[in-house]
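Structure file protein-v5.pdb with PDB, C-alpha atoms:
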```
ATOM      1  CA  MET A   1       0.000   0.000   0.000
ATOM      2  CA  ILE A   2       2.751   2.371   0.919
ATOM      3  CA  THR A   3       4.562   1.542  -2.306
ATOM      4  CA  VAL A   4       1.446   2.363  -4.343
ATOM      5  CA  MET A   5       1.029   5.663  -2.517
ATOM      6  CA  VAL A   6       4.647   6.534  -3.129
ATOM      7  CA  LYS A   7       4.272   5.734  -6.826
ATOM      8  CA  VAL A   8       1.095   7.794  -7.055
ATOM      9  CA  THR A   9       2.693  10.684  -5.207
ATOM     10  CA  PHE A  10       5.741  10.512  -7.446
ATOM     11  CA  ALA A  11       3.558  10.436 -10.556
ATOM     12  CA  VAL A  12       1.504  13.406  -9.365
ATOM     13  CA  ALA A  13       4.662  15.333  -8.494
ATOM     14  CA  THR A  14       6.139  14.552 -11.898
ATOM     15  CA  VAL A  15       3.023  15.704 -13.744
ATOM     16  CA  ALA A  16       2.823  18.823 -11.584
ATOM     17  CA  SER A  17       6.460  19.569 -12.283
ATOM     18  CA  LEU A  18       5.940  19.134 -16.023
ATOM     19  CA  LEU A  19       2.880  21.399 -15.950
ATOM     20  CA  ALA A  20       4.786  23.986 -13.908
ATOM     21  CA  TRP A  21       7.693  23.794 -16.357
ATOM     22  CA  VAL A  22       5.369  24.274 -19.342
ATOM     23  CA  ILE A  23       3.501  27.159 -17.690
ATOM     24  CA  ALA A  24       6.739  28.782 -16.559
ATOM     25  CA  GLY A  25       8.122  28.409 -20.051
ATOM     26  CA  ARG A  26       5.121  30.153 -21.543
ATOM     27  CA  VAL A  27       5.305  32.907 -18.953
ATOM     28  CA  LEU A  28       9.015  33.421 -19.549
ATOM     29  CA  ILE A  29       8.764  33.548 -23.357
ATOM     30  CA  PRO A  30       8.035  37.336 -23.365
ATOM     31  CA  LEU A  31      10.914  37.859 -20.947
ATOM     32  CA  ARG A  32      13.232  35.928 -23.267
ATOM     33  CA  LEU A  33      12.003  38.062 -26.175
ATOM     34  CA  LEU A  34      12.720  41.185 -24.117
ATOM     35  CA  THR A  35      16.234  39.958 -23.438
ATOM     36  CA  GLU A  36      16.880  39.026 -27.073
ATOM     37  CA  THR A  37      15.504  42.345 -28.332
ATOM     38  CA  ALA A  38      17.559  44.333 -25.820
ATOM     39  CA  ARG A  39      20.710  42.499 -26.922
ATOM     40  CA  SER A  40      19.975  43.127 -30.611
ATOM     41  CA  ILE A  41      19.401  46.877 -30.246
ATOM     42  CA  SER A  42      22.018  49.312 -31.459
ATOM     43  CA  GLU A  43      22.075  53.034 -32.219
ATOM     44  CA  SER A  44      21.528  52.307 -35.899
ATOM     45  CA  ASP A  45      18.624  49.841 -35.475
ATOM     46  CA  LEU A  46      15.825  50.648 -33.060
ATOM     47  CA  MET A  47      13.038  49.300 -35.264
ATOM     48  CA  ARG A  48      12.400  45.993 -33.504
ATOM     49  CA  ARG A  49       9.290  45.650 -31.350
ATOM     50  CA  ILE A  50       7.988  42.795 -29.208
ATOM     51  CA  PRO A  51       4.489  41.491 -30.003
ATOM     52  CA  VAL A  52       2.119  41.958 -27.074
ATOM     53  CA  LYS A  53       0.164  38.827 -26.166
ATOM     54  CA  GLY A  54      -2.503  38.451 -23.534
ATOM     55  CA  SER A  55      -2.721  40.688 -20.507
ATOM     56  CA  GLY A  56      -1.191  40.992 -17.077
ATOM     57  CA  GLU A  57       2.134  42.246 -15.783
ATOM     58  CA  ILE A  58       4.230  40.648 -18.555
ATOM     59  CA  ALA A  59       2.064  42.302 -21.218
ATOM     60  CA  GLU A  60       2.338  45.660 -19.425
ATOM     61  CA  LEU A  61       6.105  45.225 -19.215
ATOM     62  CA  THR A  62       6.225  44.474 -22.939
ATOM     63  CA  ILE A  63       4.140  47.569 -23.758
ATOM     64  CA  THR A  64       6.371  49.735 -21.561
ATOM     65  CA  PHE A  65       9.485  48.328 -23.238
ATOM     66  CA  ASN A  66       8.064  48.997 -26.722
ATOM     67  CA  GLU A  67       7.137  52.542 -25.728
ATOM     68  CA  MET A  68      10.682  53.091 -24.465
ATOM     69  CA  LEU A  69      12.042  51.856 -27.798
ATOM     70  CA  GLN A  70       9.702  54.252 -29.612
ATOM     71  CA  ARG A  71      10.991  57.184 -27.573
ATOM     72  CA  LEU A  72      14.603  56.143 -28.115
ATOM     73  CA  GLN A  73      14.037  55.779 -31.849
ATOM     74  CA  ALA A  74      12.461  59.237 -32.023
ATOM     75  CA  ALA A  75      15.311  60.740 -29.975
ATOM     76  CA  PHE A  76      18.048  59.165 -32.100
ATOM     77  CA  SER A  77      16.241  60.116 -35.303
ATOM     78  CA  SER A  78      15.907  63.705 -34.093
ATOM     79  CA  GLN A  79      19.572  63.773 -33.108
ATOM     80  CA  ARG A  80      20.644  62.405 -36.491
ATOM     81  CA  ASP A  81      18.494  64.929 -38.367
ATOM     82  CA  PHE A  82      19.799  67.720 -36.134
ATOM     83  CA  ILE A  83      23.425  66.833 -36.863
ATOM     84  CA  ASN A  84      22.769  66.504 -40.592
ATOM     85  CA  ASP A  85      20.895  69.796 -40.794
ATOM     86  CA  ALA A  86      23.418  71.656 -38.630
ATOM     87  CA  SER A  87      26.276  70.314 -40.757
ATOM     88  CA  HIS A  88      24.515  71.477 -43.908
ATOM     89  CA  GLU A  89      23.779  74.943 -42.507
ATOM     90  CA  LEU A  90      27.413  75.414 -41.474
ATOM     91  CA  ARG A  91      28.893  73.855 -44.605
ATOM     92  CA  THR A  92      27.250  76.381 -46.936
ATOM     93  CA  PRO A  93      28.760  79.594 -45.475
ATOM     94  CA  ILE A  94      32.126  77.884 -45.020
ATOM     95  CA  THR A  95      32.123  76.926 -48.711
ATOM     96  CA  ILE A  96      31.174  80.478 -49.714
ATOM     97  CA  ILE A  97      33.920  82.014 -47.556
ATOM     98  CA  ARG A  98      36.586  79.595 -48.773
ATOM     99  CA  GLY A  99      35.636  80.053 -52.430
ATOM    100  CA  HIS A 100      35.811  83.848 -52.296
ATOM    101  CA  LEU A 101      39.077  83.886 -50.351
ATOM    102  CA  GLU A 102      40.692  81.494 -52.824
ATOM    103  CA  LEU A 103      39.700  83.809 -55.703
ATOM    104  CA  LEU A 104      40.671  86.998 -53.883
ATOM    105  CA  GLY A 105      42.682  89.296 -56.150
ATOM    106  CA  ASP A 106      44.667  92.498 -55.665
ATOM    107  CA  ASP A 107      41.962  94.916 -56.759
ATOM    108  CA  PRO A 108      41.065  97.103 -53.713
ATOM    109  CA  ARG A 109      37.377  97.284 -54.618
ATOM    110  CA  GLU A 110      37.160  93.517 -55.085
ATOM    111  CA  ARG A 111      38.945  92.931 -51.803
ATOM    112  CA  GLN A 112      36.523  95.254 -49.990
ATOM    113  CA  GLU A 113      33.513  93.428 -51.480
ATOM    114  CA  THR A 114      34.988  90.069 -50.490
ATOM    115  CA  ILE A 115      35.659  91.245 -46.942
ATOM    116  CA  GLN A 116      32.061  92.468 -46.672
ATOM    117  CA  LEU A 117      30.702  89.175 -47.987
ATOM    118  CA  VAL A 118      32.912  87.111 -45.647
ATOM    119  CA  THR A 119      31.882  89.290 -42.696
ATOM    120  CA  ASP A 120      28.193  88.792 -43.515
ATOM    121  CA  GLU A 121      28.636  85.018 -43.713
ATOM    122  CA  LEU A 122      30.552  84.945 -40.431
ATOM    123  CA  ASP A 123      27.798  86.974 -38.788
ATOM    124  CA  ARG A 124      25.232  84.505 -40.081
ATOM    125  CA  MET A 125      27.268  81.596 -38.716
ATOM    126  CA  SER A 126      27.547  83.360 -35.374
ATOM    127  CA  ARG A 127      23.777  83.869 -35.170
ATOM    128  CA  PHE A 128      23.242  80.249 -36.117
ATOM    129  CA  VAL A 129      25.607  78.961 -33.413
ATOM    130  CA  ASN A 130      23.998  81.251 -30.817
ATOM    131  CA  ASP A 131      20.564  79.924 -31.746
ATOM    132  CA  LEU A 132      21.798  76.337 -31.389
ATOM    133  CA  LEU A 133      23.241  77.142 -27.958
ATOM    134  CA  LEU A 134      19.945  78.726 -26.924
ATOM    135  CA  LEU A 135      17.993  75.615 -27.944
ATOM    136  CA  ALA A 136      20.447  73.460 -25.988
ATOM    137  CA  LYS A 137      20.115  75.683 -22.901
ATOM    138  CA  ALA A 138      16.318  75.425 -23.113
ATOM    139  CA  GLU A 139      16.613  71.855 -21.803
ATOM    140  CA  ARG A 140      18.289  73.026 -18.593
ATOM    141  CA  PRO A 141      16.339  73.818 -15.400
ATOM    142  CA  ASP A 142      18.065  77.195 -15.038
ATOM    143  CA  PHE A 143      17.048  78.353 -18.533
ATOM    144  CA  LEU A 144      14.601  80.924 -17.145
ATOM    145  CA  LYS A 145      15.258  83.678 -14.626
ATOM    146  CA  LEU A 146      11.747  84.327 -13.392
ATOM    147  CA  LYS A 147      10.537  87.606 -11.938
ATOM    148  CA  THR A 148       7.283  89.531 -11.700
ATOM    149  CA  VAL A 149       6.788  91.408 -14.965
ATOM    150  CA  GLU A 150       4.216  94.091 -15.745
ATOM    151  CA  ILE A 151       2.527  92.919 -18.950
ATOM    152  CA  SER A 152       1.694  96.426 -20.184
ATOM    153  CA  SER A 153       5.308  97.601 -19.832
ATOM    154  CA  LEU A 154       6.651  94.493 -21.584
ATOM    155  CA  THR A 155       4.164  94.871 -24.431
ATOM    156  CA  GLU A 156       4.964  98.536 -24.981
ATOM    157  CA  GLU A 157       8.724  97.934 -24.841
ATOM    158  CA  VAL A 158       8.526  95.156 -27.432
ATOM    159  CA  TYR A 159       6.310  97.334 -29.640
ATOM    160  CA  ALA A 160       8.850 100.160 -29.499
ATOM    161  CA  LYS A 161      11.603  97.745 -30.569
ATOM    162  CA  ALA A 162       9.429  96.272 -33.313
ATOM    163  CA  LYS A 163       8.828  99.656 -34.983
ATOM    164  CA  ALA A 164      12.594 100.057 -35.463
ATOM    165  CA  MET A 165      12.972  96.720 -37.288
ATOM    166  CA  ALA A 166      11.329  97.622 -40.586
ATOM    167  CA  VAL A 167       9.116 100.153 -42.319
ATOM    168  CA  ARG A 168       5.649  98.707 -41.795
ATOM    169  CA  ASP A 169       2.191  99.890 -40.824
ATOM    170  CA  TRP A 170       2.603  99.089 -37.133
ATOM    171  CA  CYS A 171      -0.377  98.805 -34.790
ATOM    172  CA  LEU A 172      -0.577  98.174 -31.038
ATOM    173  CA  GLU A 173      -3.973  96.471 -30.874
ATOM    174  CA  ALA A 174      -4.323  95.878 -27.120
ATOM    175  CA  VAL A 175      -2.321  96.120 -23.905
ATOM    176  CA  ALA A 176      -3.169  93.891 -20.953
ATOM    177  CA  SER A 177      -3.238  95.226 -17.412
ATOM    178  CA  GLY A 178      -1.692  92.715 -15.048
ATOM    179  CA  GLU A 179       1.450  90.968 -13.880
ATOM    180  CA  ILE A 180       3.047  87.718 -14.922
ATOM    181  CA  LEU A 181       5.802  85.599 -13.451
ATOM    182  CA  ALA A 182       8.186  85.233 -16.379
ATOM    183  CA  ASP A 183      11.696  85.730 -17.698
ATOM    184  CA  PRO A 184      11.375  89.159 -19.360
ATOM    185  CA  GLN A 185      14.487  88.686 -21.495
ATOM    186  CA  ARG A 186      13.401  85.304 -22.887
ATOM    187  CA  LEU A 187       9.807  86.401 -23.383
ATOM    188  CA  THR A 188      10.953  89.558 -25.180
ATOM    189  CA  GLN A 189      13.201  87.408 -27.361
ATOM    190  CA  ALA A 190      10.288  85.115 -28.270
ATOM    191  CA  ILE A 191       7.956  87.973 -29.217
ATOM    192  CA  THR A 192      10.751  89.727 -31.111
ATOM    193  CA  ASN A 193      11.379  86.532 -33.083
ATOM    194  CA  LEU A 194       7.711  86.543 -34.079
ATOM    195  CA  VAL A 195       8.010  90.197 -35.110
ATOM    196  CA  MET A 196      11.105  89.442 -37.183
ATOM    197  CA  ASN A 197       9.287  86.549 -38.807
ATOM    198  CA  ALA A 198       6.403  88.880 -39.698
ATOM    199  CA  THR A 199       8.718  91.494 -41.227
ATOM    200  CA  GLN A 200      10.411  88.860 -43.374
ATOM    201  CA  HIS A 201       7.100  87.855 -44.932
ATOM    202  CA  THR A 202       5.593  91.273 -45.541
ATOM    203  CA  GLN A 203       6.464  94.260 -47.696
ATOM    204  CA  GLU A 204       7.140  97.896 -46.864
ATOM    205  CA  GLY A 205       3.931  99.528 -45.674
ATOM    206  CA  ASP A 206       2.121  96.256 -44.912
ATOM    207  CA  ALA A 207       0.258  96.022 -41.605
ATOM    208  CA  ILE A 208       1.735  94.228 -38.590
ATOM    209  CA  ALA A 209      -0.124  94.279 -35.280
ATOM    210  CA  LEU A 210       1.024  93.423 -31.756
ATOM    211  CA  GLY A 211      -0.969  93.032 -28.591
ATOM    212  CA  SER A 212      -1.430  91.379 -25.211
ATOM    213  CA  ALA A 213      -4.406  90.288 -23.161
ATOM    214  CA  ILE A 214      -5.445  88.162 -20.191
ATOM    215  CA  THR A 215      -8.392  85.974 -21.210
ATOM    216  CA  ASN A 216      -9.786  82.704 -19.867
ATOM    217  CA  GLY A 217      -7.121  82.585 -17.206
ATOM    218  CA  LYS A 218      -4.240  82.893 -19.662
ATOM    219  CA  ALA A 219      -1.811  85.624 -20.666
ATOM    220  CA  ARG A 220      -1.591  86.037 -24.435
ATOM    221  CA  PHE A 221       0.969  87.914 -26.554
ATOM    222  CA  TRP A 222       0.341  87.990 -30.297
ATOM    223  CA  VAL A 223       1.886  89.203 -33.534
ATOM    224  CA  ARG A 224      -0.351  89.451 -36.619
ATOM    225  CA  ASP A 225       0.765  90.113 -40.180
ATOM    226  CA  ARG A 226      -1.058  90.467 -43.486
ATOM    227  CA  GLY A 227       1.419  88.502 -45.543
ATOM    228  CA  GLU A 228       0.816  85.524 -47.803
ATOM    229  CA  GLY A 229      -0.137  83.186 -44.963
ATOM    230  CA  ILE A 230       0.966  79.632 -44.207
ATOM    231  CA  PRO A 231      -0.431  76.455 -45.817
ATOM    232  CA  LEU A 232      -2.228  74.140 -43.392
ATOM    233  CA  SER A 233       0.245  71.358 -44.163
ATOM    234  CA  ASP A 234       3.105  73.533 -42.867
ATOM    235  CA  GLN A 235       1.496  74.945 -39.738
ATOM    236  CA  LYS A 236       2.830  72.297 -37.331
ATOM    237  CA  ARG A 237       6.087  71.594 -39.109
ATOM    238  CA  ILE A 238       7.378  75.177 -39.066
ATOM    239  CA  PHE A 239       7.924  74.986 -35.296
ATOM    240  CA  GLU A 240      10.480  72.207 -35.758
ATOM    241  CA  ARG A 241      14.191  72.940 -35.892
ATOM    242  CA  PHE A 242      15.485  73.891 -39.365
ATOM    243  CA  ALA A 243      11.949  73.839 -40.776
ATOM    244  CA  ARG A 244      10.927  76.317 -43.447
ATOM    245  CA  GLY A 245       7.584  76.763 -45.129
ATOM    246  CA  SER A 246       7.054  74.936 -48.423
ATOM    247  CA  ASN A 247       5.459  78.100 -49.770
ATOM    248  CA  ASN A 248       8.298  79.835 -51.602
ATOM    249  CA  LEU A 249       6.822  83.206 -50.687
ATOM    250  CA  ARG A 250       7.085  82.430 -46.978
ATOM    251  CA  ARG A 251      10.799  81.703 -46.822
ATOM    252  CA  SER A 252      13.529  83.672 -45.143
ATOM    253  CA  ASP A 253      17.305  83.762 -45.114
ATOM    254  CA  GLY A 254      17.434  82.268 -41.617
ATOM    255  CA  ALA A 255      18.292  78.703 -40.629
ATOM    256  CA  GLY A 256      14.754  77.845 -39.579
ATOM    257  CA  LEU A 257      15.397  78.086 -35.829
ATOM    258  CA  GLY A 258      13.417  81.218 -34.959
ATOM    259  CA  LEU A 259      10.019  79.592 -34.430
ATOM    260  CA  ALA A 260      11.593  76.585 -32.717
ATOM    261  CA  ILE A 261      13.116  79.013 -30.199
ATOM    262  CA  VAL A 262       9.738  80.716 -29.686
ATOM    263  CA  LYS A 263       8.138  77.337 -28.997
ATOM    264  CA  ARG A 264      10.849  76.331 -26.510
ATOM    265  CA  ILE A 265      10.618  79.622 -24.612
ATOM    266  CA  ALA A 266       6.819  79.365 -24.399
ATOM    267  CA  GLU A 267       7.006  75.751 -23.204
ATOM    268  CA  ALA A 268       9.657  76.658 -20.619
ATOM    269  CA  HIS A 269       7.078  79.059 -19.161
ATOM    270  CA  GLY A 270       4.543  76.235 -19.062
ATOM    271  CA  GLY A 271       2.772  77.616 -22.104
ATOM    272  CA  SER A 272       2.466  77.101 -25.836
ATOM    273  CA  VAL A 273       2.364  78.864 -29.192
ATOM    274  CA  GLU A 274      -0.843  79.092 -31.226
ATOM    275  CA  LEU A 275      -0.993  79.778 -34.938
ATOM    276  CA  PHE A 276      -3.958  80.914 -36.987
ATOM    277  CA  SER A 277      -3.368  81.416 -40.688
ATOM    278  CA  ARG A 278      -5.089  81.144 -44.022
ATOM    279  CA  PRO A 279      -3.138  81.167 -47.280
ATOM    280  CA  GLY A 280      -3.320  84.653 -48.733
ATOM    281  CA  ASP A 281      -4.664  86.178 -45.513
ATOM    282  CA  GLY A 282      -1.645  86.539 -43.233
ATOM    283  CA  ALA A 283      -0.794  84.782 -39.971
ATOM    284  CA  THR A 284      -1.291  85.346 -36.253
ATOM    285  CA  PHE A 285       1.178  83.819 -33.808
ATOM    286  CA  THR A 286       0.174  83.882 -30.136
ATOM    287  CA  ILE A 287       2.298  82.996 -27.117
ATOM    288  CA  VAL A 288      -0.002  81.626 -24.398
ATOM    289  CA  ILE A 289       1.027  81.326 -20.748
ATOM    290  CA  PRO A 290      -1.351  79.551 -18.335
ATOM    291  CA  LEU A 291      -3.111  80.931 -15.293
ATOM    292  CA  ASN A 292      -0.988  79.201 -12.667
ATOM    293  CA  ILE A 293       1.849  81.641 -13.266
ATOM    294  CA  VAL A 294      -0.284  84.720 -13.919
ATOM    295  CA  LYS A 295      -1.234  87.207 -11.199
ATOM    296  CA  LYS A 296      -3.933  89.712 -12.130
ATOM    297  CA  VAL A 297      -3.748  93.197 -10.752
ATOM    298  CA  VAL A 298      -6.516  93.882  -8.254
ATOM    299  CA  VAL A 299      -7.946  97.376  -8.803
TER
END
```
Please render this file's structure as structure tokens.
Amino acid sequence: MITVMVKVTFAVATVASLLAWVIAGRVLIPLRLLTETARSISESDLMRRIPVKGSGEIAELTITFNEMLQRLQAAFSSQRDFINDASHELRTPITIIRGHLELLGDDPRERQETIQLVTDELDRMSRFVNDLLLLAKAERPDFLKLKTVEISSLTEEVYAKAKAMAVRDWCLEAVASGEILADPQRLTQAITNLVMNATQHTQEGDAIALGSAITNGKARFWVRDRGEGIPLSDQKRIFERFARGSNNLRRSDGAGLGLAIVKRIAEAHGGSVELFSRPGDGATFTIVIPLNIVKKVVV
């Protein structure tokens, strides 16, 4: 009897062990796939994903791992594009400078023209490098130096600077009464970039309007032009680094970093940039900063 019980117990234990081994194997398959995928990943190949099967903690782990791969792929792709675009933007002025210096003759007038051209290209390279440094600094926690800023004073100061940039039909549409916790230098830079963008896509005498307001718990600073407008297909892309509008009329001589800088400065303040434009009917760019860093003046 004891022998039979031992045999039965042994048989049950064996079957249980086999079942446990099979179940454990099935449970561990996603973990093995995770391990194999992690080992196969390199900087140049982040395309692999693990199929999600079933539900539970293993499935959630797989989803999280795939999402991490997606973020890494986007980051590496952005970095690669950034390096390629930056190299292209720097290569062009360097080629121009080298070509003119190699052909430089002894004629005083020609030498003066070459010096002027080289100086202009060096200035453009300097602005480009400064813009790149600014975008890099925007990732740092100390990017902003916040202080209480009177919105009306900031608006009027930016408007005074704008009028000196180009001959346009300038208009100060509205001036908000209130205070905002912001970095006045960065915010001025963002609005000025929008003004510069507007001047580049309008002609002498065209209307450009500036204004500020506090509405729906948000501080808003806008620049409106009556230029050729921006196609709908370009309206999100133009805020990316090195992006330029596909519309030939809405192109500038810059490197395509101005609007990317505006976006970064707005986001650093916890805000965003809004764009309203119709082709042939101008564009309105608005920097929006949320209520939680706005303090209205109590009259």
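Nearest to A:Ser212 of all the residues A:Val262, A:Arg186, A:Ser177, A:His100 is A:Ser177, based on all atoms listed in the file.
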May I have the protein, DNA and RNA residues with any atom at most 9 Å from the point (-6.9, 88.2, -37.7), counting all atoms listed in the file, written as an NGL selection string? :A and (224-226 or 276-277 or 281-284)
When the PyMOL selection byres ((chain A and resi 163-173) around 6) is applied to the structure above, which residues does it catch, written out as a short mmCIF file (atom, residue, chain, number, x, y, z; two decimals) with C-alpha atoms, keeping the file's coordinate frame?
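Produced file selection-v6.cif, reproduced below:
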```cif
data_model
loop_
_atom_site.label_atom_id
_atom_site.label_comp_id
_atom_site.auth_asym_id
_atom_site.auth_seq_id
_atom_site.Cartn_x
_atom_site.Cartn_y
_atom_site.Cartn_z
CA ALA A 160 8.85 100.16 -29.50
CA LYS A 161 11.60 97.74 -30.57
CA ALA A 162 9.43 96.27 -33.31
CA ALA A 174 -4.32 95.88 -27.12
CA GLU A 204 7.14 97.90 -46.86
CA GLY A 205 3.93 99.53 -45.67
CA ASP A 206 2.12 96.26 -44.91
CA ALA A 207 0.26 96.02 -41.60
CA ILE A 208 1.74 94.23 -38.59
CA ALA A 209 -0.12 94.28 -35.28
CA LEU A 210 1.02 93.42 -31.76
CA GLY A 211 -0.97 93.03 -28.59
#
```
Near-stretch 124-135 of chain A list (8 Å; all atoms listed in the file; drop same-chain fewer than 6 positions) as a ChimeraX atom specification: /A:90,93,255,257-258,261,264
List as a PyMOL selection string the residues having at least one atom at most 7 Å from position (33.3, 83.1, -44.0) as given in the file, counting all atoms listed in the file. chain A and resi 93-94+96-98+118-119+121-122
How many Å separate atom CA of A:Arg220 from atom CA of A:Arg237? 22.0 Å
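Between atom CA of A:Ile214 and atom CA of A:Lys263 the interatomic distance comes to 19.5 Å.
Using all atoms listed in the file, the shortest contact distance between A:Asn216 and any of A:Val52, A:Ile289, A:Ile230, A:Leu146 is found at A:Ile289.
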Can you sort out the box for stretch 93-100 of chain A, edges along x, y and z, all listed atoms in, 3 Å on every side, with centre and edge lengths in Å to one decimal, as JSON?
```
{"center_x": 32.7, "center_y": 80.4, "center_z": -48.7, "size_x": 13.8, "size_y": 12.9, "size_z": 13.4}
```
Using all atoms listed in the file, which of the listed residues (A:Asp234, A:Trp222, A:Thr215, A:Ile63) sits closest to A:Val195? A:Trp222
